[in-house]
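Novice: For reference, the structure I am asking about is given below.
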Amino acid sequence: MFTTEIFTSFVVNLFKIKRMQNAVLITIGDEILSGNTVDTNSNFIATELKNIGIKVSQIITISDEIETIKETLKSAFEIGDLIITTGGLGPTRDDKTKKALAEFFDDEIALDEPTFEHLKAYMEKRGRIEILERNREQAFVPTKSTVFQNHFGTAPCMMMQQNGKLSFSLPGVPYEVKPLIKDQIIPYLKEKFNLNYISTRIVSVVGIPESILADQIENWELALPENLALSYLPVGTRVKLRLTATGIDEDMLQIQLENEIQKLFPIIGENIIATSEDKIEKILGEILHEKDLTISTAESCTGGELSILLTSNPGSSKYFIGGMVAYATEMKINILHVSESTVERFTVVSEEVSREMAEGCQNLFKTDISLSTTGVAGPGKGEDGKDVGTVYYTIRVKNHSESFKLHLPHLDRQDFAFFVSQKILQDLVGILIKK
C-alpha cells in the first residue's frame, strides 16, 4: 500500500538525489596499490563528472578484500552523493567485489538472464562462444542492482541505491570504463537529476614564485564571489590559477569567470601568458597557428620529448615541420653541422653547441623557429665531465637566438626531459607574446 510514510520517504530520497553535488571514487585492486598499474580511470571519471557539475571529494584506492570494500563503501556514502568503484570484478565465483556489494546492501547474488543473454551475444560476436560457461559468473549480480551492460567487455556495471544516494560498480579496464561512463552513466545522471554546471578557466602565470603571487593577488582572491573557487597549480616554473565557478546558468558562469580574470590584468598582466588553455603545448600551438609560424626541433638530452609535446595537439601538422634526436656527437656534427672545433673548445654540453644545433635545425627544416637541447640527463656525468642535470637550450626565432642554462640534479631522466621541454615551450611562449 502506498502510505503517507512511503510517499514522504520517497520525496526525501528524491530531494537528496536531485541535490547530487559530490562523488567519491574507489579504485579496487592490489595491482594499483603495488604500483604495477597506474590508475588512469579516476582522472578520466573525475573530469567527466566535473563537466556535469559533480565534484569529486575523494579518490580512494583499496585492496580487493570484502571487509575493506564494505568499510570503504560505508565511509564513502557518508561523504558523497555518488560513489563509483572501478576494478575487482572478475569471471570467477570467488569475486570479492560482488560479495562485498551484496553484503553491504543486504542483498544476494543471482543470475540475471538479460545480462547472460548480452554476454552470450558478446561472445558469439567475437567467436568465443566456447568460453561462455567459464564467464557465466559475470552474469551473476546483486538482485537489487540495475545493470548497465558492458559492450566492450564481459563484466557489467551495477548501479545500487542507499538512502537516495547512488553507487556504480564498474570493471577496471580503461577501455571498458570510458564508454560506460561517457555513453551510459553520464547521460543517465544528466537525465535523472538537476545538476549544477561547473565551469573552469585557467590563467597561466610565469615569472612570479607561487608564494609571491599569492601575496600580490590576495585582495582579488578575497573578493571573489562565493560560487568561485581558486586553486594554485605549480607546473615547473609556471603557476596555473584555476578558477572554478558553480551555478545553474552556464552562460552566466562564463561571463562571471571572464570578468574576474580581467580584474587580474592590472595586477599581474605582464606575467600572464594565457587565460584559456591549460597545457603549455596547447597555448603555444594557438600562438603558432595565429602568427602563421613553423617550428622544428633538434634534441639530445630531451630524447624527443619536445616533439612529443608539440605533436600532441590536433592540427600540429600546420606548424610542426619536423624534428630529430641528435644524441651522438657525430650526429650533431654530420647532420646539424655543428662545428667540430666548437665541440672541442666548449664541449658538447655547452651554450655554443646548443646555438649551432638550433641554427642547423632551422636550416635543415626551413622553419621560422627552431629549438635545441644538449645536456646530461644522468645518472652519470657526461663524457665531458658536466654534472648530472646540466642542460643548455636555444630558442631561435627567425635570425635571433636566445640560449639558456638549467641545472636540475634532483630529477630522474624522465622527469628531467619533461621539465626541460615544458620550460622551453614556456619560454618560447613568453618570447612570442612580446613580439
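Residue numbers start at 1 in each chain; chains themselves are named A, B, ... in the order of the C-alpha cells; ligands are numbered from 1 in the order shown.
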List as a ChimeraX atom specification the protein and nucleic acid residues near Gly29 of chain A, meaning an atom at most 6 Å away when only C-alpha atoms are counted, but skip any in the same chain fewer than 2 places from it.
Specialist: /A:31-32,63-64,88
Novice: If we count only C-alpha atoms and set the cut-off at 10 Å, which residues sit around His118 of chain A, ignoring sequence neighbours fewer than 4 positions away in its own chain? Please answer as a PyMOL selection string.
Specialist: chain A and resi 113-114+122-124+139+149-151+154+156
Novice: What are the nearest atom pairs, with distances in Å to one decimal, for all residues of segment 26-101 of chain A that come at most 9 Å from segment 199-204 of chain A, using only C-alpha atoms, set out by chain and rising residue number as CSV?
Specialist:
```
residue,atom,partner,partner_atom,distance
A:Lys50,CA,A:Ser199,CA,8.4
A:Asn51,CA,A:Ser199,CA,7.6
A:Gly53,CA,A:Ser199,CA,8.3
```
Novice: Calculate how many Å separate atom CA of Glu117 of chain A from atom CA of Met158 of chain A, rounding to one decimal.
Specialist: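 That distance, rounded to one decimal, is 16.2 Å.
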Novice: If we count only C-alpha atoms, what is near segment 210-217 of chain A at a cut-off of 7 Å, once residues fewer than 3 positions away on the same chain are taken out, given as a count of residues only?
Specialist: 3
Novice: Within 10 Å of segment 387-409 of chain A, which residues of segment 225-304 of chain A come that close, and what is the closest atom pair and distance in Å for each? Count only C-alpha atoms and give it as a tab-separated table.
Specialist:
```
residue	atom	partner	partner_atom	distance
A:Leu293	CA	A:Val397	CA	9.5
A:Thr294	CA	A:Val397	CA	9.8
A:Ile295	CA	A:Val397	CA	9.0
A:Ser296	CA	A:Arg396	CA	9.9
A:Thr297	CA	A:Ile395	CA	9.6
A:Ala298	CA	A:Thr394	CA	9.8
A:Glu299	CA	A:Tyr393	CA	9.1
A:Ser300	CA	A:Val391	CA	9.8
A:Cys301	CA	A:Val391	CA	7.7
A:Thr302	CA	A:Val391	CA	9.3
```
Novice: Tell me, counting only C-alpha atoms, for each residue of segment 164-283 of chain A within 12 Å of segment 305-321 of chain A, which pair of atoms is nearest and how far apart they are in Å to one decimal, in rows ordered by chain and increasing number, as CSV.
Specialist:
```
residue,atom,partner,partner_atom,distance
A:Glu277,CA,A:Asn313,CA,11.8
A:Lys279,CA,A:Leu309,CA,9.5
A:Ile280,CA,A:Leu309,CA,8.8
A:Glu281,CA,A:Leu310,CA,5.9
A:Lys282,CA,A:Asn313,CA,6.4
A:Ile283,CA,A:Asn313,CA,10.0
```
Novice: Please write the residues from the selection above to a file, keeping all heavy atoms, as a PDB file, in the first residue's frame.
Specialist:
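part20.pdb, written as the output of this step:
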```
ATOM      1  N   GLU A 277      43.617  27.963 -22.364  1.00  0.00           N
ATOM      2  CA  GLU A 277      44.172  26.616 -22.428  1.00  0.00           C
ATOM      3  C   GLU A 277      44.988  26.284 -21.183  1.00  0.00           C
ATOM      4  O   GLU A 277      45.578  27.163 -20.542  1.00  0.00           O
ATOM      5  CB  GLU A 277      45.038  26.450 -23.667  1.00  0.00           C
ATOM      6  CG  GLU A 277      44.248  26.385 -24.958  1.00  0.00           C
ATOM      7  CD  GLU A 277      43.391  25.137 -25.076  1.00  0.00           C
ATOM      8  OE1 GLU A 277      43.475  24.273 -24.190  1.00  0.00           O
ATOM      9  OE2 GLU A 277      42.636  25.050 -26.057  1.00  0.00           O
ATOM     10  N   LYS A 279      47.381  23.342 -20.995  1.00  0.00           N
ATOM     11  CA  LYS A 279      48.706  22.806 -21.274  1.00  0.00           C
ATOM     12  C   LYS A 279      49.530  23.772 -22.105  1.00  0.00           C
ATOM     13  O   LYS A 279      49.032  24.403 -23.033  1.00  0.00           O
ATOM     14  CB  LYS A 279      48.571  21.459 -21.993  1.00  0.00           C
ATOM     15  CG  LYS A 279      47.880  20.397 -21.149  1.00  0.00           C
ATOM     16  CD  LYS A 279      47.769  19.086 -21.916  1.00  0.00           C
ATOM     17  CE  LYS A 279      47.096  18.021 -21.054  1.00  0.00           C
ATOM     18  NZ  LYS A 279      46.965  16.728 -21.772  1.00  0.00           N
ATOM     19  N   ILE A 280      50.819  23.858 -21.777  1.00  0.00           N
ATOM     20  CA  ILE A 280      51.684  24.822 -22.442  1.00  0.00           C
ATOM     21  C   ILE A 280      51.794  24.529 -23.934  1.00  0.00           C
ATOM     22  O   ILE A 280      51.894  25.446 -24.758  1.00  0.00           O
ATOM     23  CB  ILE A 280      53.083  24.841 -21.783  1.00  0.00           C
ATOM     24  CG1 ILE A 280      53.879  26.061 -22.235  1.00  0.00           C
ATOM     25  CG2 ILE A 280      53.830  23.550 -22.043  1.00  0.00           C
ATOM     26  CD1 ILE A 280      53.310  27.378 -21.761  1.00  0.00           C
ATOM     27  N   GLU A 281      51.746  23.232 -24.328  1.00  0.00           N
ATOM     28  CA  GLU A 281      51.846  22.901 -25.750  1.00  0.00           C
ATOM     29  C   GLU A 281      50.615  23.380 -26.513  1.00  0.00           C
ATOM     30  O   GLU A 281      50.711  23.720 -27.703  1.00  0.00           O
ATOM     31  CB  GLU A 281      52.048  21.398 -25.947  1.00  0.00           C
ATOM     32  CG  GLU A 281      50.984  20.514 -25.345  1.00  0.00           C
ATOM     33  CD  GLU A 281      51.296  20.050 -23.928  1.00  0.00           C
ATOM     34  OE1 GLU A 281      52.011  20.794 -23.213  1.00  0.00           O
ATOM     35  OE2 GLU A 281      50.832  18.960 -23.552  1.00  0.00           O
ATOM     36  N   LYS A 282      49.462  23.440 -25.843  1.00  0.00           N
ATOM     37  CA  LYS A 282      48.264  23.952 -26.497  1.00  0.00           C
ATOM     38  C   LYS A 282      48.302  25.473 -26.589  1.00  0.00           C
ATOM     39  O   LYS A 282      47.872  26.056 -27.579  1.00  0.00           O
ATOM     40  CB  LYS A 282      47.024  23.489 -25.745  1.00  0.00           C
ATOM     41  CG  LYS A 282      46.733  22.009 -25.896  1.00  0.00           C
ATOM     42  CD  LYS A 282      45.371  21.636 -25.332  1.00  0.00           C
ATOM     43  CE  LYS A 282      45.046  20.183 -25.604  1.00  0.00           C
ATOM     44  NZ  LYS A 282      43.700  19.802 -25.126  1.00  0.00           N
ATOM     45  N   ILE A 283      48.812  26.087 -25.531  1.00  0.00           N
ATOM     46  CA  ILE A 283      48.966  27.547 -25.556  1.00  0.00           C
ATOM     47  C   ILE A 283      49.883  27.951 -26.709  1.00  0.00           C
ATOM     48  O   ILE A 283      49.580  28.856 -27.492  1.00  0.00           O
ATOM     49  CB  ILE A 283      49.531  28.045 -24.213  1.00  0.00           C
ATOM     50  CG1 ILE A 283      48.539  27.772 -23.076  1.00  0.00           C
ATOM     51  CG2 ILE A 283      49.861  29.535 -24.285  1.00  0.00           C
ATOM     52  CD1 ILE A 283      49.100  28.019 -21.691  1.00  0.00           C
TER      53      ILE A 283
END
```
Novice: Set the distance at 9 Å and use only C-alpha atoms: which residues neighbour Val429 of chain A once local chain neighbours fewer than 5 positions away are removed? I'd like the list as JSON, numbers by chain.
Specialist: {"A": [273, 280, 283, 284, 287, 424, 434]}
